[in-house]
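Here is the file my_file_24.csv (CSV, N, CA and C atoms).
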chain,number,residue,atom,x,y,z
A,4,ILE,N,-13.1,-18.8,-5.5
A,4,ILE,CA,-13.0,-19.1,-6.9
A,4,ILE,C,-14.1,-18.4,-7.6
A,5,HIS,N,-15.3,-18.6,-7.1
A,5,HIS,CA,-16.4,-17.9,-7.8
A,5,HIS,C,-16.2,-16.4,-7.9
A,6,ARG,N,-15.8,-15.8,-6.8
A,6,ARG,CA,-15.6,-14.4,-6.8
A,6,ARG,C,-14.5,-13.9,-7.8
A,7,THR,N,-13.5,-14.7,-7.9
A,7,THR,CA,-12.4,-14.4,-8.9
A,7,THR,C,-12.9,-14.5,-10.3
A,8,ILE,N,-13.7,-15.5,-10.6
A,8,ILE,CA,-14.2,-15.7,-12.0
A,8,ILE,C,-15.2,-14.5,-12.2
A,9,GLU,N,-16.0,-14.2,-11.2
A,9,GLU,CA,-17.0,-13.1,-11.4
A,9,GLU,C,-16.3,-11.7,-11.6
A,10,VAL,N,-15.4,-11.3,-10.8
A,10,VAL,CA,-14.8,-10.0,-10.9
A,10,VAL,C,-13.4,-9.9,-11.5
A,11,GLY,N,-12.8,-11.0,-11.7
A,11,GLY,CA,-11.5,-11.0,-12.3
A,11,GLY,C,-10.3,-10.5,-11.4
A,12,ILE,N,-9.2,-10.4,-12.0
A,12,ILE,CA,-8.0,-9.9,-11.3
A,12,ILE,C,-7.4,-8.8,-12.2
A,13,ARG,N,-7.3,-7.6,-11.6
A,13,ARG,CA,-6.8,-6.4,-12.3
A,13,ARG,C,-7.6,-6.2,-13.6
A,14,SER,N,-8.9,-6.4,-13.5
A,14,SER,CA,-9.8,-6.3,-14.6
A,14,SER,C,-10.5,-4.9,-14.6
A,15,ASP,N,-11.5,-4.7,-15.5
A,15,ASP,CA,-12.2,-3.4,-15.4
A,15,ASP,C,-13.4,-3.5,-14.5
A,16,HIS,N,-13.6,-4.6,-13.8
A,16,HIS,CA,-14.7,-4.7,-12.9
A,16,HIS,C,-14.4,-3.8,-11.6
A,17,PRO,N,-15.3,-3.1,-11.1
A,17,PRO,CA,-15.0,-2.2,-9.9
A,17,PRO,C,-14.6,-3.0,-8.7
A,18,ASP,N,-15.0,-4.2,-8.5
A,18,ASP,CA,-14.6,-5.0,-7.4
A,18,ASP,C,-13.4,-6.0,-7.6
A,19,THR,N,-12.7,-5.8,-8.6
A,19,THR,CA,-11.6,-6.7,-9.0
A,19,THR,C,-10.5,-6.6,-7.9
A,20,ARG,N,-9.6,-7.6,-7.9
A,20,ARG,CA,-8.5,-7.7,-7.0
A,20,ARG,C,-7.3,-7.1,-7.7
A,21,PHE,N,-6.5,-6.3,-7.0
A,21,PHE,CA,-5.4,-5.6,-7.6
A,21,PHE,C,-4.0,-6.1,-7.1
A,22,SER,N,-4.0,-7.1,-6.3
A,22,SER,CA,-2.7,-7.5,-5.7
A,22,SER,C,-1.7,-7.9,-6.8
A,23,GLN,N,-0.5,-7.7,-6.6
A,23,GLN,CA,0.6,-8.0,-7.5
A,23,GLN,C,1.9,-8.3,-6.8
A,24,MET,N,2.6,-9.3,-7.2
A,24,MET,CA,3.9,-9.6,-6.6
A,24,MET,C,4.9,-8.6,-7.2
A,25,PRO,N,5.6,-7.9,-6.3
A,25,PRO,CA,6.6,-6.9,-6.7
A,25,PRO,C,7.8,-7.5,-7.5
A,26,ALA,N,8.4,-6.7,-8.4
A,26,ALA,CA,9.6,-7.1,-9.1
A,26,ALA,C,10.8,-6.7,-8.3
A,27,PHE,N,11.2,-7.6,-7.3
A,27,PHE,CA,12.2,-7.2,-6.3
A,27,PHE,C,13.6,-6.9,-7.0
A,28,GLY,N,13.9,-7.6,-8.1
A,28,GLY,CA,15.2,-7.4,-8.7
A,28,GLY,C,15.1,-6.3,-9.7
A,29,ARG,N,14.1,-6.4,-10.6
A,29,ARG,CA,14.0,-5.4,-11.7
A,29,ARG,C,13.8,-4.0,-11.1
A,30,ASP,N,13.1,-3.9,-10.0
A,30,ASP,CA,12.9,-2.5,-9.4
A,30,ASP,C,13.9,-2.2,-8.4
A,31,GLN,N,14.9,-3.0,-8.3
A,31,GLN,CA,16.1,-2.8,-7.4
A,31,GLN,C,15.7,-2.7,-5.9
A,32,MET,N,14.7,-3.5,-5.5
A,32,MET,CA,14.3,-3.5,-4.1
A,32,MET,C,15.2,-4.4,-3.3
A,33,LEU,N,15.7,-5.5,-4.0
A,33,LEU,CA,16.7,-6.4,-3.4
A,33,LEU,C,17.9,-6.5,-4.3
A,34,THR,N,19.0,-6.9,-3.7
A,34,THR,CA,20.2,-7.1,-4.5
A,34,THR,C,20.2,-8.5,-5.1
A,35,ALA,N,21.0,-8.8,-6.0
A,35,ALA,CA,21.1,-10.1,-6.6
A,35,ALA,C,21.4,-11.2,-5.6
A,36,ALA,N,22.3,-10.8,-4.6
A,36,ALA,CA,22.7,-11.7,-3.6
A,36,ALA,C,21.5,-12.0,-2.6
A,37,GLU,N,20.7,-11.0,-2.3
A,37,GLU,CA,19.5,-11.2,-1.5
A,37,GLU,C,18.5,-12.1,-2.2
A,38,ILE,N,18.4,-11.9,-3.5
A,38,ILE,CA,17.4,-12.7,-4.3
A,38,ILE,C,17.9,-14.1,-4.3
A,39,GLY,N,19.2,-14.3,-4.4
A,39,GLY,CA,19.7,-15.7,-4.4
A,39,GLY,C,19.4,-16.4,-3.0
A,40,ASP,N,19.6,-15.6,-1.9
A,40,ASP,CA,19.3,-16.1,-0.6
A,40,ASP,C,17.8,-16.4,-0.5
A,41,LEU,N,17.0,-15.5,-0.9
A,41,LEU,CA,15.6,-15.7,-0.8
A,41,LEU,C,15.1,-16.9,-1.7
A,42,THR,N,15.7,-17.1,-2.8
A,42,THR,CA,15.4,-18.3,-3.6
A,42,THR,C,15.6,-19.5,-2.7
A,43,GLU,N,16.8,-19.6,-2.0
A,43,GLU,CA,17.0,-20.8,-1.2
A,43,GLU,C,16.0,-20.9,-0.1
A,44,TYR,N,15.6,-19.8,0.5
A,44,TYR,CA,14.5,-19.8,1.5
A,44,TYR,C,13.3,-20.4,1.0
A,45,VAL,N,12.8,-20.0,-0.2
A,45,VAL,CA,11.6,-20.5,-0.8
A,45,VAL,C,11.8,-22.0,-1.1
A,46,VAL,N,13.0,-22.4,-1.6
A,46,VAL,CA,13.2,-23.8,-1.8
A,46,VAL,C,13.1,-24.6,-0.5
A,47,ALA,N,13.6,-24.0,0.6
A,47,ALA,CA,13.5,-24.7,1.9
A,47,ALA,C,12.1,-24.8,2.4
A,48,LEU,N,11.3,-23.7,2.1
A,48,LEU,CA,9.9,-23.8,2.5
A,48,LEU,C,9.1,-24.9,1.9
A,49,SER,N,9.6,-25.3,0.7
A,49,SER,CA,8.9,-26.4,-0.1
A,49,SER,C,9.5,-27.7,0.3
A,50,ARG,N,10.2,-27.8,1.4
A,50,ARG,CA,10.8,-29.0,2.0
A,50,ARG,C,11.8,-29.7,1.0
A,51,ARG,N,12.6,-28.9,0.4
A,51,ARG,CA,13.7,-29.4,-0.5
A,51,ARG,C,15.0,-29.0,0.1
A,52,LYS,N,16.0,-29.7,-0.2
A,52,LYS,CA,17.4,-29.3,0.3
A,52,LYS,C,17.8,-27.9,-0.2
A,53,ALA,N,18.2,-27.1,0.8
A,53,ALA,CA,18.6,-25.7,0.5
A,53,ALA,C,19.9,-25.4,1.2
A,54,ASP,N,20.5,-24.3,0.8
A,54,ASP,CA,21.7,-23.8,1.4
A,54,ASP,C,21.3,-23.2,2.8
A,55,ALA,N,21.7,-23.8,3.9
A,55,ALA,CA,21.3,-23.4,5.2
A,55,ALA,C,21.8,-22.0,5.5
A,56,ALA,N,23.0,-21.6,5.1
A,56,ALA,CA,23.5,-20.2,5.4
A,56,ALA,C,22.6,-19.2,4.7
A,57,ALA,N,22.3,-19.5,3.4
A,57,ALA,CA,21.4,-18.6,2.6
A,57,ALA,C,20.0,-18.5,3.3
A,58,VAL,N,19.5,-19.6,3.7
A,58,VAL,CA,18.2,-19.6,4.4
A,58,VAL,C,18.2,-18.7,5.6
A,59,THR,N,19.3,-18.8,6.4
A,59,THR,CA,19.4,-18.0,7.6
A,59,THR,C,19.5,-16.5,7.2
A,60,ARG,N,20.3,-16.2,6.2
A,60,ARG,CA,20.4,-14.8,5.8
A,60,ARG,C,19.1,-14.2,5.2
A,61,ALA,N,18.3,-15.1,4.6
A,61,ALA,CA,17.1,-14.6,3.9
A,61,ALA,C,15.9,-14.5,4.9
A,62,ALA,N,16.0,-15.1,6.1
A,62,ALA,CA,14.8,-15.1,7.0
A,62,ALA,C,14.3,-13.7,7.3
A,63,PRO,N,15.1,-12.7,7.6
A,63,PRO,CA,14.6,-11.4,7.9
A,63,PRO,C,14.1,-10.7,6.6
A,64,ILE,N,14.7,-11.1,5.4
A,64,ILE,CA,14.2,-10.5,4.2
A,64,ILE,C,12.8,-11.1,3.9
A,65,TYR,N,12.6,-12.4,4.0
A,65,TYR,CA,11.3,-13.0,3.8
A,65,TYR,C,10.3,-12.3,4.8
A,66,GLU,N,10.6,-12.2,6.0
A,66,GLU,CA,9.7,-11.6,7.0
A,66,GLU,C,9.3,-10.2,6.6
A,67,ALA,N,10.3,-9.4,6.1
A,67,ALA,CA,10.0,-8.0,5.8
A,67,ALA,C,9.3,-7.8,4.4
A,68,GLN,N,9.6,-8.7,3.5
A,68,GLN,CA,9.2,-8.5,2.1
A,68,GLN,C,8.1,-9.4,1.6
A,69,CYS,N,8.0,-10.6,2.2
A,69,CYS,CA,7.1,-11.7,1.7
A,69,CYS,C,6.0,-12.1,2.6
A,70,ALA,N,6.3,-12.1,3.9
A,70,ALA,CA,5.3,-12.7,4.8
A,70,ALA,C,4.0,-12.0,4.9
A,71,SER,N,3.9,-10.8,4.6
A,71,SER,CA,2.6,-10.1,4.6
A,71,SER,C,1.6,-10.6,3.6
A,72,CYS,N,2.1,-11.2,2.5
A,72,CYS,CA,1.2,-11.9,1.6
A,72,CYS,C,1.3,-13.4,1.7
A,73,HIS,N,2.5,-14.0,1.7
A,73,HIS,CA,2.6,-15.4,1.7
A,73,HIS,C,2.5,-16.0,3.1
A,74,GLY,N,2.5,-15.2,4.1
A,74,GLY,CA,2.3,-15.7,5.5
A,74,GLY,C,3.7,-16.0,6.1
A,75,PRO,N,3.8,-16.0,7.4
A,75,PRO,CA,5.0,-16.3,8.1
A,75,PRO,C,5.6,-17.7,7.8
A,76,ALA,N,4.7,-18.7,7.6
A,76,ALA,CA,5.1,-20.0,7.3
A,76,ALA,C,5.1,-20.3,5.8
A,77,GLY,N,4.7,-19.3,5.0
A,77,GLY,CA,4.7,-19.6,3.5
A,77,GLY,C,3.5,-20.3,3.0
A,78,LEU,N,2.4,-20.3,3.8
A,78,LEU,CA,1.2,-21.0,3.4
A,78,LEU,C,0.3,-20.3,2.4
A,79,GLY,N,0.6,-19.0,2.1
A,79,GLY,CA,-0.1,-18.2,1.1
A,79,GLY,C,-1.4,-17.6,1.7
A,80,ASP,N,-2.0,-16.8,0.8
A,80,ASP,CA,-3.3,-16.2,1.2
A,80,ASP,C,-4.1,-16.1,-0.1
A,81,GLN,N,-5.1,-16.9,-0.3
A,81,GLN,CA,-5.8,-16.9,-1.5
A,81,GLN,C,-6.6,-15.6,-1.7
A,82,THR,N,-6.9,-14.9,-0.7
A,82,THR,CA,-7.6,-13.6,-0.9
A,82,THR,C,-6.8,-12.6,-1.5
A,83,LYS,N,-5.4,-12.7,-1.4
A,83,LYS,CA,-4.5,-11.8,-2.0
A,83,LYS,C,-3.9,-12.4,-3.3
A,84,GLY,N,-4.2,-13.6,-3.6
A,84,GLY,CA,-3.6,-14.3,-4.8
A,84,GLY,C,-2.2,-14.7,-4.5
A,85,ALA,N,-1.8,-14.8,-3.2
A,85,ALA,CA,-0.4,-15.3,-2.9
A,85,ALA,C,-0.4,-16.8,-2.7
A,86,PRO,N,0.3,-17.5,-3.5
A,86,PRO,CA,0.3,-19.0,-3.4
A,86,PRO,C,1.0,-19.5,-2.2
A,87,ASN,N,0.6,-20.7,-1.9
A,87,ASN,CA,1.3,-21.5,-0.9
A,87,ASN,C,2.7,-21.9,-1.4
A,88,LEU,N,3.7,-21.5,-0.6
A,88,LEU,CA,5.1,-21.8,-1.1
A,88,LEU,C,5.6,-23.1,-0.5
A,89,THR,N,4.8,-23.8,0.3
A,89,THR,CA,5.3,-25.0,1.0
A,89,THR,C,4.9,-26.3,0.3
A,90,ASP,N,4.0,-26.2,-0.7
A,90,ASP,CA,3.5,-27.4,-1.4
A,90,ASP,C,4.3,-27.7,-2.6
A,91,GLN,N,3.9,-28.6,-3.4
A,91,GLN,CA,4.6,-28.9,-4.6
A,91,GLN,C,3.9,-28.5,-5.9
A,92,GLU,N,2.9,-27.6,-5.7
A,92,GLU,CA,2.2,-27.0,-6.8
A,92,GLU,C,2.7,-25.7,-7.2
A,93,TRP,N,3.4,-25.7,-8.4
A,93,TRP,CA,4.1,-24.5,-8.8
A,93,TRP,C,3.6,-24.1,-10.2
A,94,LEU,N,2.9,-23.0,-10.3
A,94,LEU,CA,2.3,-22.5,-11.5
A,94,LEU,C,3.3,-22.1,-12.5
A,95,TYR,N,4.4,-21.5,-12.0
A,95,TYR,CA,5.4,-20.9,-13.0
A,95,TYR,C,6.7,-21.6,-12.9
A,96,GLY,N,6.8,-22.8,-12.3
A,96,GLY,CA,8.0,-23.6,-12.3
A,96,GLY,C,8.7,-23.6,-11.0
A,97,SER,N,9.3,-24.7,-10.6
A,97,SER,CA,9.9,-24.9,-9.3
A,97,SER,C,11.4,-25.0,-9.2
A,98,SER,N,12.0,-24.8,-10.3
A,98,SER,CA,13.5,-24.9,-10.3
A,98,SER,C,14.0,-23.6,-9.6
A,99,ARG,N,15.2,-23.6,-9.2
A,99,ARG,CA,15.8,-22.4,-8.6
A,99,ARG,C,15.8,-21.2,-9.6
A,100,ALA,N,16.1,-21.5,-10.8
A,100,ALA,CA,16.0,-20.5,-11.9
A,100,ALA,C,14.6,-19.9,-12.0
A,101,ASP,N,13.6,-20.8,-12.0
A,101,ASP,CA,12.2,-20.3,-12.1
A,101,ASP,C,11.9,-19.4,-10.9
A,102,ILE,N,12.2,-19.9,-9.7
A,102,ILE,CA,11.9,-19.1,-8.5
A,102,ILE,C,12.6,-17.8,-8.5
A,103,ARG,N,13.9,-17.8,-8.8
A,103,ARG,CA,14.7,-16.6,-8.9
A,103,ARG,C,14.1,-15.6,-9.9
A,104,GLY,N,13.6,-16.1,-11.0
A,104,GLY,CA,13.0,-15.3,-12.0
A,104,GLY,C,11.7,-14.6,-11.5
A,105,GLN,N,10.9,-15.4,-10.8
A,105,GLN,CA,9.7,-14.8,-10.2
A,105,GLN,C,10.0,-13.7,-9.2
A,106,ILE,N,11.0,-14.0,-8.4
A,106,ILE,CA,11.3,-13.0,-7.4
A,106,ILE,C,11.9,-11.7,-8.1
A,107,TRP,N,12.7,-11.9,-9.1
A,107,TRP,CA,13.4,-10.8,-9.8
A,107,TRP,C,12.3,-10.0,-10.6
A,108,ALA,N,11.4,-10.6,-11.3
A,108,ALA,CA,10.5,-9.9,-12.2
A,108,ALA,C,9.1,-9.7,-11.7
A,109,GLY,N,8.8,-10.4,-10.6
A,109,GLY,CA,7.4,-10.3,-10.1
A,109,GLY,C,6.4,-11.0,-10.9
A,110,LYS,N,5.1,-10.9,-10.5
A,110,LYS,CA,4.0,-11.4,-11.3
A,110,LYS,C,2.9,-10.4,-11.2
A,111,GLY,N,2.2,-10.3,-12.3
A,111,GLY,CA,1.1,-9.4,-12.4
A,111,GLY,C,0.1,-9.7,-13.5
A,112,GLY,N,-0.3,-10.9,-13.6
A,112,GLY,CA,-1.2,-11.3,-14.7
A,112,GLY,C,-2.6,-10.6,-14.5
A,113,VAL,N,-3.4,-10.8,-15.6
A,113,VAL,CA,-4.7,-10.2,-15.6
A,113,VAL,C,-5.7,-11.3,-15.9
A,114,MET,N,-6.9,-11.3,-15.2
A,114,MET,CA,-8.0,-12.2,-15.6
A,114,MET,C,-9.2,-11.3,-15.7
A,115,PRO,N,-9.9,-11.4,-16.9
A,115,PRO,CA,-11.1,-10.6,-17.1
A,115,PRO,C,-12.2,-10.9,-16.1
A,116,SER,N,-13.1,-10.0,-16.0
A,116,SER,CA,-14.4,-10.3,-15.3
A,116,SER,C,-15.3,-11.1,-16.2
A,117,TRP,N,-15.9,-12.1,-15.7
A,117,TRP,CA,-16.8,-12.9,-16.5
A,117,TRP,C,-18.2,-12.7,-16.1
A,118,LYS,N,-18.5,-11.8,-15.2
A,118,LYS,CA,-19.8,-11.6,-14.6
A,118,LYS,C,-20.9,-11.3,-15.7
A,119,ASN,N,-20.5,-10.4,-16.7
A,119,ASN,CA,-21.5,-10.0,-17.7
A,119,ASN,C,-21.4,-10.9,-18.9
A,120,ARG,N,-20.6,-12.0,-18.9
A,120,ARG,CA,-20.5,-12.9,-20.0
A,120,ARG,C,-21.2,-14.2,-19.8
A,121,PHE,N,-21.3,-14.6,-18.6
A,121,PHE,CA,-22.0,-15.8,-18.2
A,121,PHE,C,-23.1,-15.6,-17.2
A,122,ASP,N,-24.2,-16.4,-17.3
A,122,ASP,CA,-25.3,-16.3,-16.3
A,122,ASP,C,-24.8,-16.9,-15.0
A,123,PRO,N,-25.5,-16.6,-13.9
A,123,PRO,CA,-25.0,-17.0,-12.5
A,123,PRO,C,-24.8,-18.5,-12.4
A,124,GLU,N,-25.7,-19.3,-13.1
A,124,GLU,CA,-25.5,-20.8,-13.0
A,124,GLU,C,-24.2,-21.2,-13.7
A,125,THR,N,-23.8,-20.6,-14.8
A,125,THR,CA,-22.6,-21.0,-15.4
A,125,THR,C,-21.4,-20.6,-14.6
A,126,LEU,N,-21.5,-19.4,-14.0
A,126,LEU,CA,-20.4,-18.9,-13.1
A,126,LEU,C,-20.2,-19.9,-11.9
A,127,LYS,N,-21.3,-20.4,-11.4
A,127,LYS,CA,-21.2,-21.3,-10.3
A,127,LYS,C,-20.7,-22.7,-10.7
A,128,ALA,N,-21.1,-23.1,-11.9
A,128,ALA,CA,-20.6,-24.4,-12.5
A,128,ALA,C,-19.1,-24.3,-12.7
A,129,LEU,N,-18.6,-23.2,-13.2
A,129,LEU,CA,-17.2,-23.0,-13.4
A,129,LEU,C,-16.4,-23.0,-12.1
A,130,ALA,N,-16.9,-22.4,-11.1
A,130,ALA,CA,-16.3,-22.4,-9.8
A,130,ALA,C,-16.2,-23.8,-9.2
A,131,VAL,N,-17.3,-24.5,-9.3
A,131,VAL,CA,-17.3,-25.9,-8.8
A,131,VAL,C,-16.3,-26.8,-9.6
A,132,TYR,N,-16.3,-26.6,-10.9
A,132,TYR,CA,-15.4,-27.4,-11.7
A,132,TYR,C,-13.9,-27.1,-11.4
A,133,ILE,N,-13.6,-25.8,-11.2
A,133,ILE,CA,-12.2,-25.4,-10.9
A,133,ILE,C,-11.8,-26.0,-9.5
A,134,HIS,N,-12.8,-25.8,-8.6
A,134,HIS,CA,-12.5,-26.3,-7.2
A,134,HIS,C,-12.3,-27.8,-7.2
A,135,ALA,N,-13.1,-28.5,-7.9
A,135,ALA,CA,-13.0,-30.0,-7.9
A,135,ALA,C,-11.6,-30.4,-8.6
A,136,ASN,N,-11.2,-29.7,-9.6
A,136,ASN,CA,-10.0,-30.1,-10.3
A,136,ASN,C,-8.7,-29.5,-9.7
A,137,ALA,N,-8.9,-28.7,-8.6
A,137,ALA,CA,-7.7,-28.1,-7.9
A,137,ALA,C,-7.6,-28.8,-6.6
A,138,GLY,N,-8.1,-30.0,-6.5
A,138,GLY,CA,-7.9,-30.8,-5.2
A,138,GLY,C,-8.7,-30.3,-4.1
A,139,GLY,N,-9.8,-29.6,-4.4
A,139,GLY,CA,-10.7,-29.1,-3.3
A,139,GLY,C,-10.1,-27.8,-2.7
A,140,GLN,N,-9.3,-27.1,-3.4
A,140,GLN,CA,-8.7,-25.8,-2.9
A,140,GLN,C,-9.3,-24.7,-3.5

Let me see whether you can do it: turn the structure in this file into structure tokens.
Amino acid sequence: IHRTIEVGIRSDHPDTRFSQMPAFGRDQMLTAAEIGDLTEYVVALSRRKADAAAVTRAAPIYEAQCASCHGPAGLGDQTKGAPNLTDQEWLYGSSRADIRGQIWAGKGGVMPSWKNRFDPETLKALAVYIHANAGGQ
């Protein structure tokens, strides 16, 4: 958390993180049917009822396109900015339409570097505050 506040995400800081979720639909990396199946796969990862046939069809797609960032079990990778797909914490919405939209259009937000705007003590205090309010994550 401290490092992200300090250097940002896709910011002008030389040590920023540049990870970005691809726009699988917009950039025609996956078909609409594959995105529909992958949506069901993500729903299943979060322990909700999903279409079993779609989940089966999507398994190799997830492995090829998603697991390198989100992990084989969907637990995410904070160093890459890839969220855990198995919990109930959804930043951009958890409905099937929300999930489909994220897979279709991707994600690529920006967070500025705060290193030159706050002193080290303030940066640390912000990191502690965010950590405490994110359930210790």

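Listed by chain and then by rising number, the residues of chain A that DSSP assigns to strand (DSSP E or B) from the backbone are Ile12, Arg20, Met24, Asp80, Ala85, Lys110 and Met114 of chain A.
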
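Every residue of range 7-60 of chain A with a DSSP assignment of helix (DSSP H, G or I), taken from the backbone, is listed as A:Thr7, A:Ile8, A:Glu9, A:Val10, A:Ala35, A:Ala36, A:Glu37, A:Ile38, A:Gly39, A:Asp40, A:Leu41, A:Thr42, A:Glu43, A:Tyr44, A:Val45, A:Val46, A:Ala47, A:Leu48, A:Ala55, A:Ala56, A:Ala57, A:Val58, A:Thr59, A:Arg60.
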
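Comparing the minimum interatomic distances between Gln23 in chain A and each of A:Asn136, A:Pro75, A:Glu9, A:Gly109, counting all atoms listed in the file, we find that A:Gly109 sits nearest.
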
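Going from atom N of Arg6 in chain A to CA of Lys127 in chain A covers 8.5 Å.
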
Contacts of Arg29 in chain A within 6 Å, only C-alpha atoms, excl. fewer than 3 positions in-chain, as a list in words: Ala26, Trp107 and Ala108 of chain A

Near-Thr59 in chain A list (10 Å; only C-alpha atoms; drop same-chain fewer than 6 positions) as an MDAnalysis selection string: chainID A and resid 40:41 43:44

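Relative to CA of His5 in chain A, CA of Ala130 in chain A is found at 4.9 Å.
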
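With only N, CA and C atoms as the atoms that count, the minimum distance from Arg103 in chain A to the choices A:Val58, A:Thr42, A:Pro25, A:Phe121 is reached by A:Thr42.
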
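From CA of Val10 in chain A back to CA of Lys118 in chain A, the distance works out to 6.4 Å.
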
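For Thr89 in chain A, the set of protein, DNA and RNA residues having any atom at most 6 Å away, when counting only N, CA and C atoms and skipping those fewer than 5 positions along the same chain, is Leu48, Ser49, Arg50, Gly77 and Leu78 of chain A.
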
Neighbouring residues of Cys72 in chain A were defined as those with any atom within 8 Å, considering all atoms listed in the file; residues of the same chain fewer than 3 positions away were excluded. Please report them as a PyMOL selection string. chain A and resi 68-69+75+77-81+83-86

Within-6 Å shell of (-6.8, -11.6, -13.0) in input frame, only N, CA and C atoms, as number ranges by chain: A: 11-14, 112-115

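Take the candidates A:His73, A:Arg99, A:Lys110, A:Arg60 and check each one against Asn87 in chain A using only N, CA and C atoms; the shortest distance goes to A:His73.
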